[in-house]
Amino acid sequence: MPELPEVETVRLSLLPAIGATITSAWDSAKGLHMQKKPPRAKLGKLVGATITGLRRNGKYLLVDTDRPESLLVHLGMTGRVRLHAAGTPREKHAHVVLGLGDRELVFSDARRFGQIDVVERAKEKEHAALAGLGPDPIVDGIDAAAFYKRSRGKKAQLKAFILDQTVLAGVGNIYASEALWLSKLRPTKRAHRLTAKTAEALAQAIDVVLRTSLENHGTSLRDFVDGDGAEGSNYDYLKVYDRKGQPCARCKTPIRRTILQGRATYFCPTCQAP
DNA sequence: ATCACGACCTGGAGGC
DNA sequence: TGCCTCCAGGTCGTGA
């Protein structure tokens, strides 16, 4: 479900949790793909802590507390974080529930590709998940010159290049296709073929595509909802993703779907030059 | 070192 | 209805 705009939408919807005190911690005992067991002992250490802030780094969400630790959450493909009244029937795939008095914060994830952990803020940059993340396009902005420099000598296809979280943190499969369409670049083009000018156009397109989606509260393809359970409306504004066969918004050529690195990729064969 | 691919899971949609 | 196949907003480990 979640790329940068979706995670940011979740973050904003959870802001009302700031000031709440964590009164209990429950976990399902079920593992996630990257963790065999929930970090039960560490979660327990958060009981009594007060939530002081919410941050986002790429696709990672950080729930800060008045203790030295923060909760780190990644939504994987189907992860959800919901803030709702205590006593709400437990979702089928709930993995962690933090009681907040009369409310609760619930992390659920059907496919279990997500991650949840407790990190020491002072050392968070050393956490495997956050170490090596590239700049966040919204928090840090995109430095077009640095982006271009990073592409030098890279034989990877542009689609793979912009999905690389060490290049930019937060771009995922939908917005990769969208940004390449907007900048008129073919997803299979090799990164080292970028020029300073086309690299800048791509950087600019990534920025536009992410900000547009943010304004629309993210793209709800199938699973995505924010902390209140609301869907985003950005699906209606996608130009190519999930639009196979539909006319290109620029030139009317039917949009094509292909598989790159095992992932669905959409592009216009006419206006996205090879 | 790079790069491309399969694996990890569950559930919804569509075909028959 | 039910069964089968395909597909999905991510990331990691492997092997070429």
# chains A, B, ... in the order shown; residues from 1 in each chain; ligands from 1
call {"tool": "residues_around", "arguments": {"residues": "segment 1-15 of chain C", "least_positions_apart": "3", "cutoff": "6 Å", "atoms": "only C-alpha atoms (C1' of nucleotides)", "output": "PyMOL selection string"}}
result
chain A and resi 1-3+76-77
call {"tool": "select_by_dssp", "arguments": {"residues": "segment 1-232 of chain A", "states": "alpha helix (DSSP H)", "output": "ChimeraX atom specification"}}
result
/A:4-13,40-44,144-151,158-163,173-182,196-215
call {"tool": "closest_atom_pairs", "arguments": {"of": "chain B", "to": "chain A", "cutoff": "10 Å", "atoms": "only C-alpha atoms (C1' of nucleotides)", "output": "Markdown table"}}
result
| residue | atom | partner | partner_atom | distance |
| --- | --- | --- | --- | --- |
| B:DT2 | C1' | A:Lys155 | CA | 8.0 |
| B:DC3 | C1' | A:Ala156 | CA | 6.8 |
| B:DA4 | C1' | A:Gln261 | CA | 6.1 |
| B:DC5 | C1' | A:Gln261 | CA | 7.0 |
| B:DG6 | C1' | A:Gly262 | CA | 9.2 |
| B:DC8 | C1' | A:His33 | CA | 6.2 |
| B:DC9 | C1' | A:Arg111 | CA | 4.5 |
| B:DT10 | C1' | A:Arg111 | CA | 5.0 |
| B:DG11 | C1' | A:Ala110 | CA | 8.2 |
| B:DG12 | C1' | A:Arg222 | CA | 8.9 |
call {"tool": "write_last_selection", "arguments": {"atoms": "N, CA and C atoms (P, O5', C5', C4', C3', O3' and C1' of nucleotides)", "output": "short mmCIF file (atom, residue, chain, number, x, y, z; two decimals), in the first residue's frame"}}
result
data_model
loop_
_atom_site.label_atom_id
_atom_site.label_comp_id
_atom_site.auth_asym_id
_atom_site.auth_seq_id
_atom_site.Cartn_x
_atom_site.Cartn_y
_atom_site.Cartn_z
P DT B 2 28.26 -0.28 -6.52
"O5'" DT B 2 27.51 -0.65 -7.88
"C5'" DT B 2 27.59 -1.98 -8.30
"C4'" DT B 2 27.00 -2.09 -9.70
"C3'" DT B 2 25.53 -1.74 -9.78
"O3'" DT B 2 25.21 -1.43 -11.12
"C1'" DT B 2 25.83 -4.09 -9.87
P DC B 3 23.74 -0.93 -11.45
"O5'" DC B 3 23.00 -2.30 -11.79
"C5'" DC B 3 23.50 -3.11 -12.86
"C4'" DC B 3 22.69 -4.38 -12.97
"C3'" DC B 3 21.18 -4.18 -12.85
"O3'" DC B 3 20.58 -4.82 -13.95
"C1'" DC B 3 21.93 -5.90 -11.40
P DA B 4 19.03 -4.68 -14.23
"O5'" DA B 4 18.53 -6.15 -13.90
"C5'" DA B 4 18.98 -7.23 -14.69
"C4'" DA B 4 18.36 -8.51 -14.20
"C3'" DA B 4 16.85 -8.49 -14.08
"O3'" DA B 4 16.38 -9.75 -14.51
"C1'" DA B 4 17.77 -8.97 -11.97
P DC B 5 14.84 -10.09 -14.65
"O5'" DC B 5 14.65 -11.27 -13.59
"C5'" DC B 5 15.71 -12.19 -13.39
"C4'" DC B 5 15.45 -13.01 -12.15
"C3'" DC B 5 13.98 -13.25 -11.82
"O3'" DC B 5 13.78 -14.65 -11.66
"C1'" DC B 5 15.11 -12.39 -9.92
P DG B 6 12.31 -15.23 -11.52
"O5'" DG B 6 12.35 -15.85 -10.05
"C5'" DG B 6 13.45 -16.67 -9.68
"C4'" DG B 6 13.40 -16.91 -8.18
"C3'" DG B 6 12.02 -17.32 -7.66
"O3'" DG B 6 12.20 -18.35 -6.71
"C1'" DG B 6 12.72 -15.31 -6.59
P DC B 8 9.75 -18.94 0.38
"O5'" DC B 8 9.16 -17.74 1.24
"C5'" DC B 8 10.00 -17.04 2.14
"C4'" DC B 8 9.33 -15.75 2.53
"C3'" DC B 8 7.87 -15.91 2.93
"O3'" DC B 8 7.77 -15.83 4.35
"C1'" DC B 8 8.27 -13.94 1.63
P DC B 9 6.71 -16.72 5.08
"O5'" DC B 9 5.47 -15.76 5.06
"C5'" DC B 9 4.29 -16.23 4.59
"C4'" DC B 9 3.30 -15.12 4.54
"C3'" DC B 9 1.92 -15.66 4.28
"O3'" DC B 9 1.19 -15.57 5.49
"C1'" DC B 9 2.43 -13.87 2.77
P DT B 10 -0.13 -16.45 5.63
"O5'" DT B 10 -1.24 -15.49 5.01
"C5'" DT B 10 -1.46 -14.21 5.56
"C4'" DT B 10 -2.37 -13.45 4.64
"C3'" DT B 10 -3.68 -14.17 4.34
"O3'" DT B 10 -4.72 -13.38 4.87
"C1'" DT B 10 -2.70 -13.26 2.35
P DG B 11 -6.24 -13.81 4.67
"O5'" DG B 11 -6.65 -13.00 3.37
"C5'" DG B 11 -6.41 -11.60 3.35
"C4'" DG B 11 -6.93 -11.03 2.06
"C3'" DG B 11 -8.31 -11.54 1.66
"O3'" DG B 11 -8.95 -10.48 0.99
"C1'" DG B 11 -6.81 -12.06 -0.02
P DG B 12 -10.54 -10.40 0.97
"O5'" DG B 12 -10.80 -9.60 -0.38
"C5'" DG B 12 -9.92 -8.55 -0.76
"C4'" DG B 12 -9.88 -8.46 -2.26
"C3'" DG B 12 -11.21 -8.77 -2.94
"O3'" DG B 12 -11.46 -7.80 -3.93
"C1'" DG B 12 -9.53 -10.17 -3.81
#
call {"tool": "atom_distance", "arguments": {"atom1": "atom CA of Glu231 of chain A", "atom2": "atom CA of Val96 of chain A"}}
result
21.8 Å
call {"tool": "atom_distance", "arguments": {"atom1": "atom CA of Ser177 of chain A", "atom2": "atom CA of Ile259 of chain A"}}
result
11.5 Å
call {"tool": "select_by_dssp", "arguments": {"residues": "segment 34-119 of chain A", "states": "strand (DSSP E)", "output": "ChimeraX atom specification"}}
result
/A:51-57,60-65,69-74,79-85,94-100,103-109,115-119
call {"tool": "atom_distance", "arguments": {"atom1": "atom CA of Thr21 of chain A", "atom2": "atom CA of Asp223 of chain A"}}
result
28.8 Å
call {"tool": "residues_around", "arguments": {"residues": "Glu200 of chain A", "least_positions_apart": "6", "cutoff": "9 Å", "atoms": "only C-alpha atoms (C1' of nucleotides)", "output": "PyMOL selection string"}}
result
chain A and resi 143-145+147-148
call {"tool": "write_last_selection", "arguments": {"atoms": "N, CA, C and O atoms", "output": "PDB file, in the first residue's frame"}}
result
ATOM      1  N   ASP A 143      17.755  17.342  -4.489  1.00  0.00           N
ATOM      2  CA  ASP A 143      18.876  18.091  -5.042  1.00  0.00           C
ATOM      3  C   ASP A 143      19.151  17.507  -6.422  1.00  0.00           C
ATOM      4  O   ASP A 143      19.738  16.432  -6.557  1.00  0.00           O
ATOM      5  N   ALA A 144      18.694  18.216  -7.459  1.00  0.00           N
ATOM      6  CA  ALA A 144      18.778  17.681  -8.825  1.00  0.00           C
ATOM      7  C   ALA A 144      20.219  17.365  -9.235  1.00  0.00           C
ATOM      8  O   ALA A 144      20.481  16.372  -9.911  1.00  0.00           O
ATOM      9  N   ALA A 145      21.146  18.202  -8.807  1.00  0.00           N
ATOM     10  CA  ALA A 145      22.546  17.980  -9.183  1.00  0.00           C
ATOM     11  C   ALA A 145      23.078  16.700  -8.531  1.00  0.00           C
ATOM     12  O   ALA A 145      23.761  15.891  -9.170  1.00  0.00           O
ATOM     13  N   PHE A 147      21.245  14.216  -7.531  1.00  0.00           N
ATOM     14  CA  PHE A 147      20.485  13.124  -8.149  1.00  0.00           C
ATOM     15  C   PHE A 147      21.154  12.722  -9.467  1.00  0.00           C
ATOM     16  O   PHE A 147      21.350  11.540  -9.763  1.00  0.00           O
ATOM     17  N   TYR A 148      21.516  13.705 -10.248  1.00  0.00           N
ATOM     18  CA  TYR A 148      22.199  13.443 -11.519  1.00  0.00           C
ATOM     19  C   TYR A 148      23.551  12.758 -11.274  1.00  0.00           C
ATOM     20  O   TYR A 148      23.879  11.752 -11.903  1.00  0.00           O
TER      21      TYR A 148
END
